[in-house]
Amino acid sequence: MQTKRIKEFPENFLWGASSASFQCEGAAHEDGKGLSVMDMRKQDPSICDFEVASDHYHRYKEDIALMKECGLKAYRFSIAWTRIFPEGNGEVNPRGVEFYNNLINEIVQAGITPIVTIYHFDYPQGLVDQYGGWTDRRSIDDYVNYAEFLFRTYGDRVKYWLTINEQDHVVHMPYRLGMSDENRREKERLGFLANHHMCVAAAKAIQKCHELVPDGKIGPATCFDMLYPTTNSPADALAWLDAMEIRNYYILDLNCKGEYNGTFRKYLEDRDMFPEVLDGDMECMKANRPDFLAFNYYASKSISACPLDDEHEIGDIEFQLLPSREAGVYQVVKNQNLNATLWGWEIDDIGLQSASRLLWERYRLPLLITENGFGNVEKWPEEGILEDDDRIDYLTRHLHAVKEAMNLGAEFIGFCCWSFMDLISGHSGFSKRYGLVYVNRTEHDLLDLERRKKKSYYWYKNVILNNGKDI
Ligand code: BG6
C-alpha cells in the first residue's frame with residue numbers, strides 16, 4: 001500500500017555482500033582439502049570447473065581490502081567443510097583451520113562483521129562414500145560435530161551463523177546429495193528423508209551455538225521465490241496455496257515451529273515419502289528456534305493449477321532443475337507482467353516486499369537477506385569501467401522493497417548482495433556474473449584474475465555511506 005512516510009534504514013543495518021566457498025575460493029585440491037559433491041559434479045564441458053574459481057583462497061587479503069574500501073559492514077561467506085574435515089568427519093586438517101582463522105581475522109580487522117554459512121552445497125564426498133551422506137541418520141552427528149568445531153574455533157570472532165544454505169535446493173537436486181540425476185522421482189523420496197535429517201542437524205547446531213558462542217545468533221539461509229496465482233480462478237489460488245506450503249514454507253515450518261505443515265505432511269504421505277521420525281526429533285526442533293531468518297531472494301514465479309489427467313498420476317513430476325510441474329498439484333508458468341534475466345529469472349522487486357512481509361508475519365523473526373543480485377553476461381570494456389546499470393537498477397529496486405517492508409513492520413538485520421566479486425554461478429559457470437567487482441577471467445582462460453571495480457561497486461559504496469538514504 002502507499003504510505004505517507006517511509007522509514008529510513010536503521011543505523012546498525014548490516015550492509016553486506018555474499019559468497020560461497022566452492023564458488024569463489026578455488027584451490028580445490030590444495031592444503032589438504034577433501035573432495036565435496038561439488039568437486040565431483042560432472043559439469044557441462046563448456047562450463048569451467050571449481051579448480052581456480054575467483055582464486056579468493058590466494059587473494060583474500062586483496063578482496064577484503066576492497067570490501068573495506070567499499071564500506072561493507074558485513075561479509076557473508078561459507079566455510080568449506082572439506083577444508084576442515086577432508087572426509088567430513090575424523091581427522092581435522094590444520095591448514096584448512098588456519099586458512100579460515102586468517103580470513104576471519106582479516107575481515108574483523110577491516111571492521112567488517114563476518115556472517116558464516118556452515119554448509120553451502122559443498123557436502124563432503126567422504127560422507128557420501130561412508131554411508132550415503134544426508135540420507136543416513138549418521139549425517140546428523142557429523143554435521144553437529146563439524147558445526148561444534150567451528151563454534152569452538154571461530155566463535156570468539158564470529159557472532160552470526162547460518163546453518164544450511166538453500167536446503168530446498170539440496171532436497172530437490174540429487175547431485176547435491178551426492179547422487180546421480182537419474183530417476184528423479186525416486187530421488188525425491190530420499191531428498192525428503194535427507195531434509196528431515198538436515199532439520200534435526202540444524203536444530204542441534206542451534207543448541208550448540210547457544211551453548212558455546214557468547215552473544216551468538218544463528219538461523220537458516222533459505223531460498224524464497226515469491227509465488228503468485230496466475231489468474232483469479234479459485235483453482236489457481238488453491239494451487240498457489242499448495243505451492244507456498246510445499247515449496248516455500250515446508251522447511252521453515254520445521255526450523256521455526258518444529259512441525260510438518262498439514263499440506264506438506266499429506267503431500268508426503270500420499271506419495272509414501274514421509275520420512276522416519278524418531279522420538280525427540282520434533283521436540284529438538286521445537287526447543288531450538290533460530291534467532292533470525294535469513295533468505296535468498298532473486299525472482300518470483302507464477303503458479304497455475306495442474307489437474308490430473310489420463311497421462312499423469314499423483315507423483316509424476318517434471319523438473320527444470322527444480323520441480324516445475326506436478327499433475328494434481330501445481331505448475332510454474334511464465335509471468336507475462338515481468339521482465340526476466342537472460343536465464344529467465346523473472347525480475348520482481350515488489351515480490352521481495354511481499355516475501356519479506358509474509359515471512360515476518362508467519363515466523364516473527366528478524367530477517368536477513370543473504371543473497372539478492374542480478375546475473376548477467378559481462379565483458380570489461382576497452383576503455384573506462386564496466387557500467388552495470390542493470391545491476392544497479394535491480395539492487396536499488398530490491399533495496400527499496402526492503403525499505404517498504406520495514407515500513408510496514410518487518411524487522412531487518414541487513415542485506416547482502418550476491419555477490420561481492422564475480423564467481424562461478426551455480427549452474428552457468430563464469431559466464432553468469434553477479435559481482436560488484438569484476439574478476440578478469442573467462443570460462444576457460446584464467447587471464448590475470450585481476451579485480452576491477454564495476455560501476456555498481458561505487459554505487460554500493462555511496463549507498464552504504466549514506467545509509468541507504470537515497471533508496
Ligand atoms: C543461490 C545460491 O541459489 O543462488 C548460490 O545460494 C547461487 O550459490 C545463487 O550462486 C545464484 O544462482 P546461479 O545459479 O545464478 O549461480
# chains A, B, ... in the order shown; residues from 1 in each chain; ligands from 1
$ residues_near_ligand --ligand "ligand 1" --cutoff "6 Å" --atoms "only C-alpha atoms and all ligand atoms" --output "PDB file with N, CA and C atoms, in the first residue's frame"
ATOM      1  N   SER A 425      28.932 -19.265 -11.122  1.00  0.00           N
ATOM      2  CA  SER A 425      27.496 -19.411 -10.874  1.00  0.00           C
ATOM      3  C   SER A 425      27.174 -20.880 -10.575  1.00  0.00           C
ATOM      4  N   GLY A 426      26.074 -21.092  -9.894  1.00  0.00           N
ATOM      5  CA  GLY A 426      25.677 -22.453  -9.524  1.00  0.00           C
ATOM      6  C   GLY A 426      25.629 -23.402 -10.719  1.00  0.00           C
ATOM      7  N   HIS A 427      25.068 -22.939 -11.834  1.00  0.00           N
ATOM      8  CA  HIS A 427      24.919 -23.825 -12.993  1.00  0.00           C
ATOM      9  C   HIS A 427      25.398 -23.227 -14.293  1.00  0.00           C
TER      10      HIS A 427
END
$ residues_around --residues "range 331-341 of chain A" --least-positions-apart "3" --cutoff "6 Å" --atoms "only C-alpha atoms" --output "PyMOL selection string"
chain A and resi 302-304+306+324-325+344-347
$ write_last_selection --atoms "N, CA, C and O atoms" --output "PDB file, in the first residue's frame"
ATOM      1  N   SER A 302       5.115 -17.691 -11.195  1.00  0.00           N
ATOM      2  CA  SER A 302       3.668 -17.677 -11.326  1.00  0.00           C
ATOM      3  C   SER A 302       3.168 -19.124 -11.317  1.00  0.00           C
ATOM      4  O   SER A 302       3.726 -19.981 -12.000  1.00  0.00           O
ATOM      5  N   ILE A 303       2.117 -19.355 -10.545  1.00  0.00           N
ATOM      6  CA  ILE A 303       1.656 -20.736 -10.310  1.00  0.00           C
ATOM      7  C   ILE A 303       0.243 -20.929 -10.861  1.00  0.00           C
ATOM      8  O   ILE A 303      -0.658 -20.134 -10.578  1.00  0.00           O
ATOM      9  N   SER A 304       0.077 -22.012 -11.616  1.00  0.00           N
ATOM     10  CA  SER A 304      -1.254 -22.361 -12.125  1.00  0.00           C
ATOM     11  C   SER A 304      -1.660 -23.737 -11.618  1.00  0.00           C
ATOM     12  O   SER A 304      -0.804 -24.555 -11.281  1.00  0.00           O
ATOM     13  N   CYS A 306      -2.850 -27.538 -11.998  1.00  0.00           N
ATOM     14  CA  CYS A 306      -2.357 -28.563 -12.922  1.00  0.00           C
ATOM     15  C   CYS A 306      -3.146 -29.842 -12.639  1.00  0.00           C
ATOM     16  O   CYS A 306      -2.687 -30.706 -11.883  1.00  0.00           O
ATOM     17  N   SER A 324       8.936 -28.348 -11.507  1.00  0.00           N
ATOM     18  CA  SER A 324       8.266 -27.229 -12.173  1.00  0.00           C
ATOM     19  C   SER A 324       6.816 -27.546 -12.523  1.00  0.00           C
ATOM     20  O   SER A 324       6.036 -26.652 -12.811  1.00  0.00           O
ATOM     21  N   ARG A 325       6.463 -28.842 -12.499  1.00  0.00           N
ATOM     22  CA  ARG A 325       5.095 -29.219 -12.865  1.00  0.00           C
ATOM     23  C   ARG A 325       4.786 -30.568 -12.263  1.00  0.00           C
ATOM     24  O   ARG A 325       5.551 -31.517 -12.442  1.00  0.00           O
ATOM     25  N   GLY A 344      16.033 -16.314 -17.701  1.00  0.00           N
ATOM     26  CA  GLY A 344      14.592 -16.480 -17.489  1.00  0.00           C
ATOM     27  C   GLY A 344      14.138 -16.262 -16.058  1.00  0.00           C
ATOM     28  O   GLY A 344      12.999 -16.575 -15.709  1.00  0.00           O
ATOM     29  N   TRP A 345      14.991 -15.724 -15.201  1.00  0.00           N
ATOM     30  CA  TRP A 345      14.576 -15.455 -13.816  1.00  0.00           C
ATOM     31  C   TRP A 345      13.770 -14.171 -13.823  1.00  0.00           C
ATOM     32  O   TRP A 345      14.291 -13.113 -14.217  1.00  0.00           O
ATOM     33  N   GLU A 346      12.530 -14.236 -13.399  1.00  0.00           N
ATOM     34  CA  GLU A 346      11.624 -13.093 -13.531  1.00  0.00           C
ATOM     35  C   GLU A 346      11.913 -12.047 -12.450  1.00  0.00           C
ATOM     36  O   GLU A 346      11.876 -12.335 -11.259  1.00  0.00           O
ATOM     37  N   ILE A 347      12.220 -10.860 -12.912  1.00  0.00           N
ATOM     38  CA  ILE A 347      12.697  -9.797 -12.013  1.00  0.00           C
ATOM     39  C   ILE A 347      11.504  -9.132 -11.341  1.00  0.00           C
ATOM     40  O   ILE A 347      10.617  -8.614 -12.001  1.00  0.00           O
TER      41      ILE A 347
END
$ select_by_dssp --residues "range 394-454 of chain A" --states "helix (DSSP H, G or I)" --output "ChimeraX atom specification"
/A:394-407
$ write_last_selection --atoms "C-alpha atoms" --output "JSON list (two decimals), in the first residue's frame"
[["chain", "number", "residue", "atom", "x", "y", "z"],
["A", 394, "TYR", "CA", 17.92, -4.22, -9.86],
["A", 395, "LEU", "CA", 19.59, -3.70, -6.48],
["A", 396, "THR", "CA", 18.10, -0.23, -5.98],
["A", 397, "ARG", "CA", 14.59, -1.55, -6.57],
["A", 398, "HIS", "CA", 15.08, -4.53, -4.30],
["A", 399, "LEU", "CA", 16.55, -2.42, -1.53],
["A", 400, "HIS", "CA", 13.57, -0.12, -1.84],
["A", 401, "ALA", "CA", 11.34, -3.17, -1.40],
["A", 402, "VAL", "CA", 13.17, -3.95, 1.85],
["A", 403, "LYS", "CA", 12.54, -0.41, 3.00],
["A", 404, "GLU", "CA", 8.83, -0.74, 2.17],
["A", 405, "ALA", "CA", 8.60, -3.99, 4.12],
["A", 406, "MET", "CA", 10.37, -2.39, 7.10],
["A", 407, "ASN", "CA", 7.94, 0.49, 6.86]]
$ residues_around --residues "Asp215 in chain A" --least-positions-apart "4" --cutoff "12 Å" --atoms "only C-alpha atoms" --output "list in words"
Phe151, Gly155, Asp156, Arg157, Val158, Lys159, Tyr160, Trp161, Cys209, His210, Glu211 and Asp291 of chain A
$ closest_residue --among "A:Ile464, A:Val200, A:Val92, A:Ala110" --to "Val144 in chain A" --atoms "only C-alpha atoms"
A:Val200
$ atom_distance --atom1 "CA of Lys455 in chain A" --atom2 "CA of Cys24 in chain A"
20.8 Å
$ select_by_dssp --residues "range 76-318 of chain A" --states "strand (DSSP E)" --output "MDAnalysis selection string"
chainID A and resid 76:78 113:119 160:165 217:223 226:229 293:296 300:304 317:318
$ write_last_selection --atoms "C-alpha atoms" --output "CSV table (one decimal), in the first residue's frame"
chain,number,residue,atom,x,y,z
A,76,ARG,CA,28.7,-13.4,4.4
A,77,PHE,CA,30.8,-16.4,3.2
A,78,SER,CA,30.8,-20.1,3.7
A,113,THR,CA,31.1,-8.3,10.6
A,114,PRO,CA,31.6,-11.9,9.5
A,115,ILE,CA,28.5,-13.9,8.7
A,116,VAL,CA,29.4,-17.6,8.3
A,117,THR,CA,27.4,-20.2,6.4
A,118,ILE,CA,28.4,-23.6,8.0
A,119,TYR,CA,27.4,-25.5,4.8
A,160,TYR,CA,26.3,-14.6,13.1
A,161,TRP,CA,26.0,-18.2,11.9
A,162,LEU,CA,23.9,-19.7,9.1
A,163,THR,CA,23.1,-23.4,9.4
A,164,ILE,CA,22.4,-24.6,5.9
A,165,ASN,CA,22.2,-22.6,2.6
A,217,LYS,CA,23.0,-15.7,16.7
A,218,ILE,CA,22.1,-18.4,14.3
A,219,GLY,CA,19.5,-19.1,11.7
A,220,PRO,CA,18.8,-20.9,8.4
A,221,ALA,CA,19.5,-19.3,5.0
A,222,THR,CA,16.6,-20.4,2.9
A,223,CYS,CA,15.6,-19.6,-0.7
A,226,MET,CA,7.7,-15.2,-4.2
A,227,LEU,CA,4.8,-17.1,-5.8
A,228,TYR,CA,1.6,-15.8,-7.3
A,229,PRO,CA,-1.6,-17.4,-8.5
A,293,LEU,CA,15.6,-15.9,9.5
A,294,ALA,CA,18.0,-15.4,6.5
A,295,PHE,CA,16.7,-15.8,3.0
A,296,ASN,CA,18.0,-15.5,-0.6
A,300,SER,CA,9.2,-14.7,-8.3
A,301,LYS,CA,7.2,-17.4,-10.1
A,302,SER,CA,3.7,-17.7,-11.3
A,303,ILE,CA,1.7,-20.7,-10.3
A,304,SER,CA,-1.3,-22.4,-12.1
A,317,ILE,CA,6.9,-34.6,-11.5
A,318,GLU,CA,8.6,-32.6,-14.3
$ residues_around --residues "range 371-381 of chain A" --least-positions-apart "5" --cutoff "10 Å" --atoms "only C-alpha atoms" --output "VMD selection string"
chain A and resid 16 to 19 76 221 to 223 294 to 299 341 to 343 345 347 352 386 to 388 390 to 395 398 to 399 415 to 420 422 425 428 430 to 436 438 to 442 452 454
$ write_last_selection --atoms "N, CA and C atoms" --output "compact mmCIF listing (two decimals), in the first residue's frame"
# COMPACT_ATOMS: atom_id res chain seq x y z
N GLY A 16 25.85 -5.61 3.42
CA GLY A 16 26.84 -6.65 3.20
C GLY A 16 26.88 -7.17 1.77
N ALA A 17 27.71 -8.17 1.60
CA ALA A 17 27.80 -8.87 0.33
C ALA A 17 28.15 -10.32 0.65
N SER A 18 27.87 -11.19 -0.32
CA SER A 18 27.94 -12.63 -0.07
C SER A 18 28.85 -13.37 -1.02
N SER A 19 29.23 -14.56 -0.59
CA SER A 19 29.91 -15.50 -1.49
C SER A 19 29.70 -16.91 -0.93
N ARG A 76 29.26 -12.08 4.16
CA ARG A 76 28.71 -13.42 4.37
C ARG A 76 29.42 -14.38 3.42
N ALA A 221 19.49 -20.24 6.16
CA ALA A 221 19.52 -19.35 4.99
C ALA A 221 18.70 -20.05 3.91
N THR A 222 17.46 -19.65 3.83
CA THR A 222 16.55 -20.35 2.93
C THR A 222 16.45 -19.64 1.59
N CYS A 223 15.92 -20.33 0.58
CA CYS A 223 15.62 -19.62 -0.67
C CYS A 223 14.13 -19.34 -0.65
N ALA A 294 17.28 -15.96 7.70
CA ALA A 294 17.97 -15.40 6.53
C ALA A 294 17.34 -16.00 5.28
N PHE A 295 17.25 -15.19 4.24
CA PHE A 295 16.72 -15.75 2.99
C PHE A 295 17.37 -15.13 1.77
N ASN A 296 17.40 -15.96 0.71
CA ASN A 296 17.96 -15.54 -0.58
C ASN A 296 16.79 -15.29 -1.50
N TYR A 297 16.78 -14.13 -2.11
CA TYR A 297 15.66 -13.80 -2.99
C TYR A 297 16.18 -13.27 -4.32
N TYR A 298 15.75 -13.89 -5.40
CA TYR A 298 16.15 -13.44 -6.74
C TYR A 298 14.96 -13.11 -7.64
N ALA A 299 13.86 -13.87 -7.49
CA ALA A 299 12.81 -13.79 -8.51
C ALA A 299 11.49 -14.29 -7.94
N THR A 341 15.75 -12.10 -16.53
CA THR A 341 17.18 -12.07 -16.86
C THR A 341 17.41 -12.97 -18.08
N LEU A 342 18.64 -13.01 -18.55
CA LEU A 342 18.96 -13.86 -19.70
C LEU A 342 18.69 -15.33 -19.41
N TRP A 343 18.59 -15.67 -18.14
CA TRP A 343 18.33 -17.06 -17.75
C TRP A 343 16.86 -17.29 -17.40
N TRP A 345 14.99 -15.72 -15.20
CA TRP A 345 14.58 -15.46 -13.82
C TRP A 345 13.77 -14.17 -13.82
N ILE A 347 12.22 -10.86 -12.91
CA ILE A 347 12.70 -9.80 -12.01
C ILE A 347 11.50 -9.13 -11.34
N LEU A 352 9.75 -9.08 -3.51
CA LEU A 352 10.60 -9.12 -2.32
C LEU A 352 9.88 -8.47 -1.14
N LEU A 386 33.31 -0.96 -16.39
CA LEU A 386 32.09 -1.68 -16.78
C LEU A 386 30.89 -0.98 -16.12
N GLU A 387 29.99 -0.51 -16.95
CA GLU A 387 28.83 0.24 -16.44
C GLU A 387 27.65 -0.72 -16.32
N ASP A 388 27.53 -1.35 -15.19
CA ASP A 388 26.49 -2.37 -14.99
C ASP A 388 25.21 -1.73 -14.43
N ASP A 390 22.14 -2.12 -15.25
CA ASP A 390 21.02 -3.03 -14.97
C ASP A 390 21.11 -3.59 -13.54
N ARG A 391 22.34 -3.88 -13.13
CA ARG A 391 22.53 -4.41 -11.76
C ARG A 391 22.17 -3.33 -10.72
N ILE A 392 22.63 -2.11 -10.99
CA ILE A 392 22.35 -1.01 -10.05
C ILE A 392 20.83 -0.82 -9.94
N ASP A 393 20.17 -0.84 -11.08
CA ASP A 393 18.71 -0.68 -11.08
C ASP A 393 18.04 -1.82 -10.29
N TYR A 394 18.49 -3.04 -10.54
CA TYR A 394 17.92 -4.22 -9.86
C TYR A 394 18.10 -4.07 -8.34
N LEU A 395 19.32 -3.77 -7.93
CA LEU A 395 19.59 -3.70 -6.48
C LEU A 395 18.85 -2.52 -5.84
N HIS A 398 15.27 -3.52 -5.34
CA HIS A 398 15.08 -4.53 -4.30
C HIS A 398 15.36 -3.96 -2.91
N LEU A 399 16.31 -3.06 -2.83
CA LEU A 399 16.55 -2.42 -1.53
C LEU A 399 15.35 -1.55 -1.14
N PHE A 415 21.27 -6.66 4.68
CA PHE A 415 21.07 -7.03 3.27
C PHE A 415 22.44 -7.35 2.68
N CYS A 416 22.60 -8.53 2.13
CA CYS A 416 23.86 -8.89 1.48
C CYS A 416 23.59 -9.11 0.00
N CYS A 417 24.24 -8.33 -0.83
CA CYS A 417 24.02 -8.57 -2.25
C CYS A 417 24.87 -9.77 -2.68
N TRP A 418 24.39 -10.47 -3.66
CA TRP A 418 25.13 -11.56 -4.28
C TRP A 418 25.58 -11.04 -5.61
N SER A 419 26.88 -10.89 -5.80
CA SER A 419 27.95 -11.30 -4.94
C SER A 419 28.95 -10.14 -4.85
N PHE A 420 29.91 -10.22 -3.95
CA PHE A 420 30.85 -9.11 -3.90
C PHE A 420 31.69 -9.08 -5.17
N ASP A 422 32.84 -11.28 -8.87
CA ASP A 422 32.38 -12.31 -9.79
C ASP A 422 32.86 -13.67 -9.29
N SER A 425 28.93 -19.26 -11.12
CA SER A 425 27.50 -19.41 -10.87
C SER A 425 27.17 -20.88 -10.58
N SER A 428 25.90 -21.99 -14.28
CA SER A 428 26.24 -21.35 -15.56
C SER A 428 27.68 -20.87 -15.62
N PHE A 430 31.38 -19.23 -15.29
CA PHE A 430 31.83 -17.85 -15.09
C PHE A 430 31.15 -16.88 -16.05
N SER A 431 30.32 -17.42 -16.95
CA SER A 431 29.68 -16.54 -17.93
C SER A 431 28.52 -15.78 -17.32
N LYS A 432 28.06 -16.23 -16.16
CA LYS A 432 26.97 -15.51 -15.50
C LYS A 432 27.57 -14.79 -14.31
N ARG A 433 27.74 -13.49 -14.46
CA ARG A 433 28.43 -12.72 -13.42
C ARG A 433 27.42 -11.96 -12.55
N TYR A 434 27.75 -11.89 -11.27
CA TYR A 434 26.89 -11.18 -10.32
C TYR A 434 27.65 -10.08 -9.57
N GLY A 435 28.97 -10.01 -9.70
CA GLY A 435 29.79 -9.23 -8.78
C GLY A 435 29.67 -7.72 -8.91
N LEU A 436 30.04 -7.05 -7.79
CA LEU A 436 30.27 -5.60 -7.83
C LEU A 436 31.69 -5.38 -8.34
N TYR A 438 34.66 -6.96 -10.83
CA TYR A 438 34.90 -7.84 -11.98
C TYR A 438 36.16 -8.66 -11.72
N VAL A 439 36.10 -9.94 -12.02
CA VAL A 439 37.29 -10.78 -11.94
C VAL A 439 37.70 -11.12 -13.37
N ASN A 440 38.90 -10.73 -13.71
CA ASN A 440 39.33 -10.82 -15.11
C ASN A 440 39.75 -12.25 -15.48
N ARG A 441 38.77 -13.02 -15.84
CA ARG A 441 38.98 -14.36 -16.40
C ARG A 441 37.76 -14.67 -17.27
N THR A 442 37.89 -15.68 -18.09
CA THR A 442 36.72 -16.12 -18.84
C THR A 442 36.40 -17.54 -18.38
N ARG A 452 38.61 -5.69 -10.73
CA ARG A 452 38.32 -4.35 -11.27
C ARG A 452 36.95 -3.91 -10.77
N LYS A 454 33.47 -2.41 -10.75
CA LYS A 454 32.41 -2.04 -11.69
C LYS A 454 31.71 -0.77 -11.18
$ decode --residues "range 313-406 of chain A" --atoms "C-alpha atoms" --output "mmCIF file, in the first residue's frame"
data_model
loop_
_atom_site.group_PDB
_atom_site.id
_atom_site.type_symbol
_atom_site.label_atom_id
_atom_site.label_comp_id
_atom_site.auth_asym_id
_atom_site.auth_seq_id
_atom_site.Cartn_x
_atom_site.Cartn_y
_atom_site.Cartn_z
ATOM 1 C CA GLU A 313 -0.798 -39.978 -11.877
ATOM 2 C CA ILE A 314 -0.149 -38.458 -8.472
ATOM 3 C CA GLY A 315 3.603 -38.066 -8.047
ATOM 4 C CA ASP A 316 4.549 -37.519 -11.724
ATOM 5 C CA ILE A 317 6.906 -34.567 -11.545
ATOM 6 C CA GLU A 318 8.634 -32.591 -14.253
ATOM 7 C CA PHE A 319 11.824 -30.762 -13.380
ATOM 8 C CA GLN A 320 13.592 -27.699 -14.715
ATOM 9 C CA LEU A 321 16.449 -28.040 -12.244
ATOM 10 C CA LEU A 322 13.762 -27.796 -9.541
ATOM 11 C CA PRO A 323 10.269 -29.314 -9.701
ATOM 12 C CA SER A 324 8.266 -27.229 -12.173
ATOM 13 C CA ARG A 325 5.095 -29.219 -12.865
ATOM 14 C CA GLU A 326 3.286 -31.934 -10.995
ATOM 15 C CA ALA A 327 -0.135 -33.116 -12.082
ATOM 16 C CA GLY A 328 -2.632 -32.756 -9.267
ATOM 17 C CA VAL A 329 -0.519 -30.131 -7.513
ATOM 18 C CA TYR A 330 0.750 -27.074 -9.433
ATOM 19 C CA GLN A 331 2.774 -25.909 -12.407
ATOM 20 C CA VAL A 332 5.077 -22.943 -12.884
ATOM 21 C CA VAL A 333 4.174 -20.754 -15.846
ATOM 22 C CA LYS A 334 5.629 -17.611 -17.355
ATOM 23 C CA ASN A 335 4.517 -14.349 -15.762
ATOM 24 C CA GLN A 336 3.555 -12.011 -18.611
ATOM 25 C CA ASN A 337 3.910 -8.933 -16.358
ATOM 26 C CA LEU A 338 7.582 -9.247 -15.625
ATOM 27 C CA ASN A 339 10.874 -8.928 -17.453
ATOM 28 C CA ALA A 340 13.404 -11.659 -16.946
ATOM 29 C CA THR A 341 17.179 -12.073 -16.860
ATOM 30 C CA LEU A 342 18.955 -13.857 -19.702
ATOM 31 C CA TRP A 343 18.333 -17.064 -17.746
ATOM 32 C CA GLY A 344 14.592 -16.480 -17.489
ATOM 33 C CA TRP A 345 14.576 -15.455 -13.816
ATOM 34 C CA GLU A 346 11.624 -13.093 -13.531
ATOM 35 C CA ILE A 347 12.697 -9.797 -12.013
ATOM 36 C CA ASP A 348 10.300 -8.712 -9.313
ATOM 37 C CA ASP A 349 11.228 -6.273 -6.574
ATOM 38 C CA ILE A 350 7.624 -5.998 -5.365
ATOM 39 C CA GLY A 351 7.806 -9.747 -4.804
ATOM 40 C CA LEU A 352 10.601 -9.116 -2.319
ATOM 41 C CA GLN A 353 8.395 -6.794 -0.308
ATOM 42 C CA SER A 354 5.633 -9.421 -0.294
ATOM 43 C CA ALA A 355 8.031 -12.244 0.608
ATOM 44 C CA SER A 356 9.512 -10.241 3.483
ATOM 45 C CA ARG A 357 6.118 -9.383 4.906
ATOM 46 C CA LEU A 358 4.871 -12.963 4.650
ATOM 47 C CA LEU A 359 7.976 -14.318 6.370
ATOM 48 C CA TRP A 360 7.827 -11.712 9.097
ATOM 49 C CA GLU A 361 4.135 -12.302 9.779
ATOM 50 C CA ARG A 362 4.433 -16.117 9.782
ATOM 51 C CA TYR A 363 7.584 -16.511 11.879
ATOM 52 C CA ARG A 364 8.122 -13.197 13.697
ATOM 53 C CA LEU A 365 11.881 -13.487 13.438
ATOM 54 C CA PRO A 366 14.221 -10.679 12.348
ATOM 55 C CA LEU A 367 15.078 -11.036 8.678
ATOM 56 C CA LEU A 368 18.445 -11.016 6.972
ATOM 57 C CA ILE A 369 18.731 -11.060 3.208
ATOM 58 C CA THR A 370 21.735 -13.222 2.475
ATOM 59 C CA GLU A 371 21.517 -13.112 -1.320
ATOM 60 C CA ASN A 372 19.976 -10.806 -3.879
ATOM 61 C CA GLY A 373 21.555 -9.898 -7.172
ATOM 62 C CA PHE A 374 21.477 -9.676 -10.911
ATOM 63 C CA GLY A 375 23.275 -12.222 -13.093
ATOM 64 C CA ASN A 376 24.445 -11.051 -16.492
ATOM 65 C CA VAL A 377 26.918 -11.729 -19.293
ATOM 66 C CA GLU A 378 29.601 -9.055 -18.978
ATOM 67 C CA LYS A 379 32.903 -8.148 -20.613
ATOM 68 C CA TRP A 380 35.248 -5.456 -19.380
ATOM 69 C CA PRO A 381 35.310 -2.623 -21.984
ATOM 70 C CA GLU A 382 38.417 -1.451 -23.858
ATOM 71 C CA GLU A 383 38.105 1.943 -22.197
ATOM 72 C CA GLY A 384 36.561 3.141 -18.977
ATOM 73 C CA ILE A 385 34.872 0.861 -16.481
ATOM 74 C CA LEU A 386 32.093 -1.675 -16.778
ATOM 75 C CA GLU A 387 28.826 0.237 -16.437
ATOM 76 C CA ASP A 388 26.487 -2.373 -14.988
ATOM 77 C CA ASP A 389 23.450 -0.111 -14.798
ATOM 78 C CA ASP A 390 21.017 -3.035 -14.971
ATOM 79 C CA ARG A 391 22.526 -4.414 -11.758
ATOM 80 C CA ILE A 392 22.346 -1.015 -10.053
ATOM 81 C CA ASP A 393 18.710 -0.678 -11.081
ATOM 82 C CA TYR A 394 17.925 -4.216 -9.861
ATOM 83 C CA LEU A 395 19.589 -3.698 -6.481
ATOM 84 C CA THR A 396 18.099 -0.232 -5.984
ATOM 85 C CA ARG A 397 14.587 -1.552 -6.566
ATOM 86 C CA HIS A 398 15.083 -4.533 -4.303
ATOM 87 C CA LEU A 399 16.546 -2.417 -1.529
ATOM 88 C CA HIS A 400 13.567 -0.120 -1.837
ATOM 89 C CA ALA A 401 11.338 -3.170 -1.405
ATOM 90 C CA VAL A 402 13.167 -3.951 1.846
ATOM 91 C CA LYS A 403 12.538 -0.412 2.996
ATOM 92 C CA GLU A 404 8.828 -0.736 2.167
ATOM 93 C CA ALA A 405 8.601 -3.991 4.115
ATOM 94 C CA MET A 406 10.369 -2.389 7.099
#
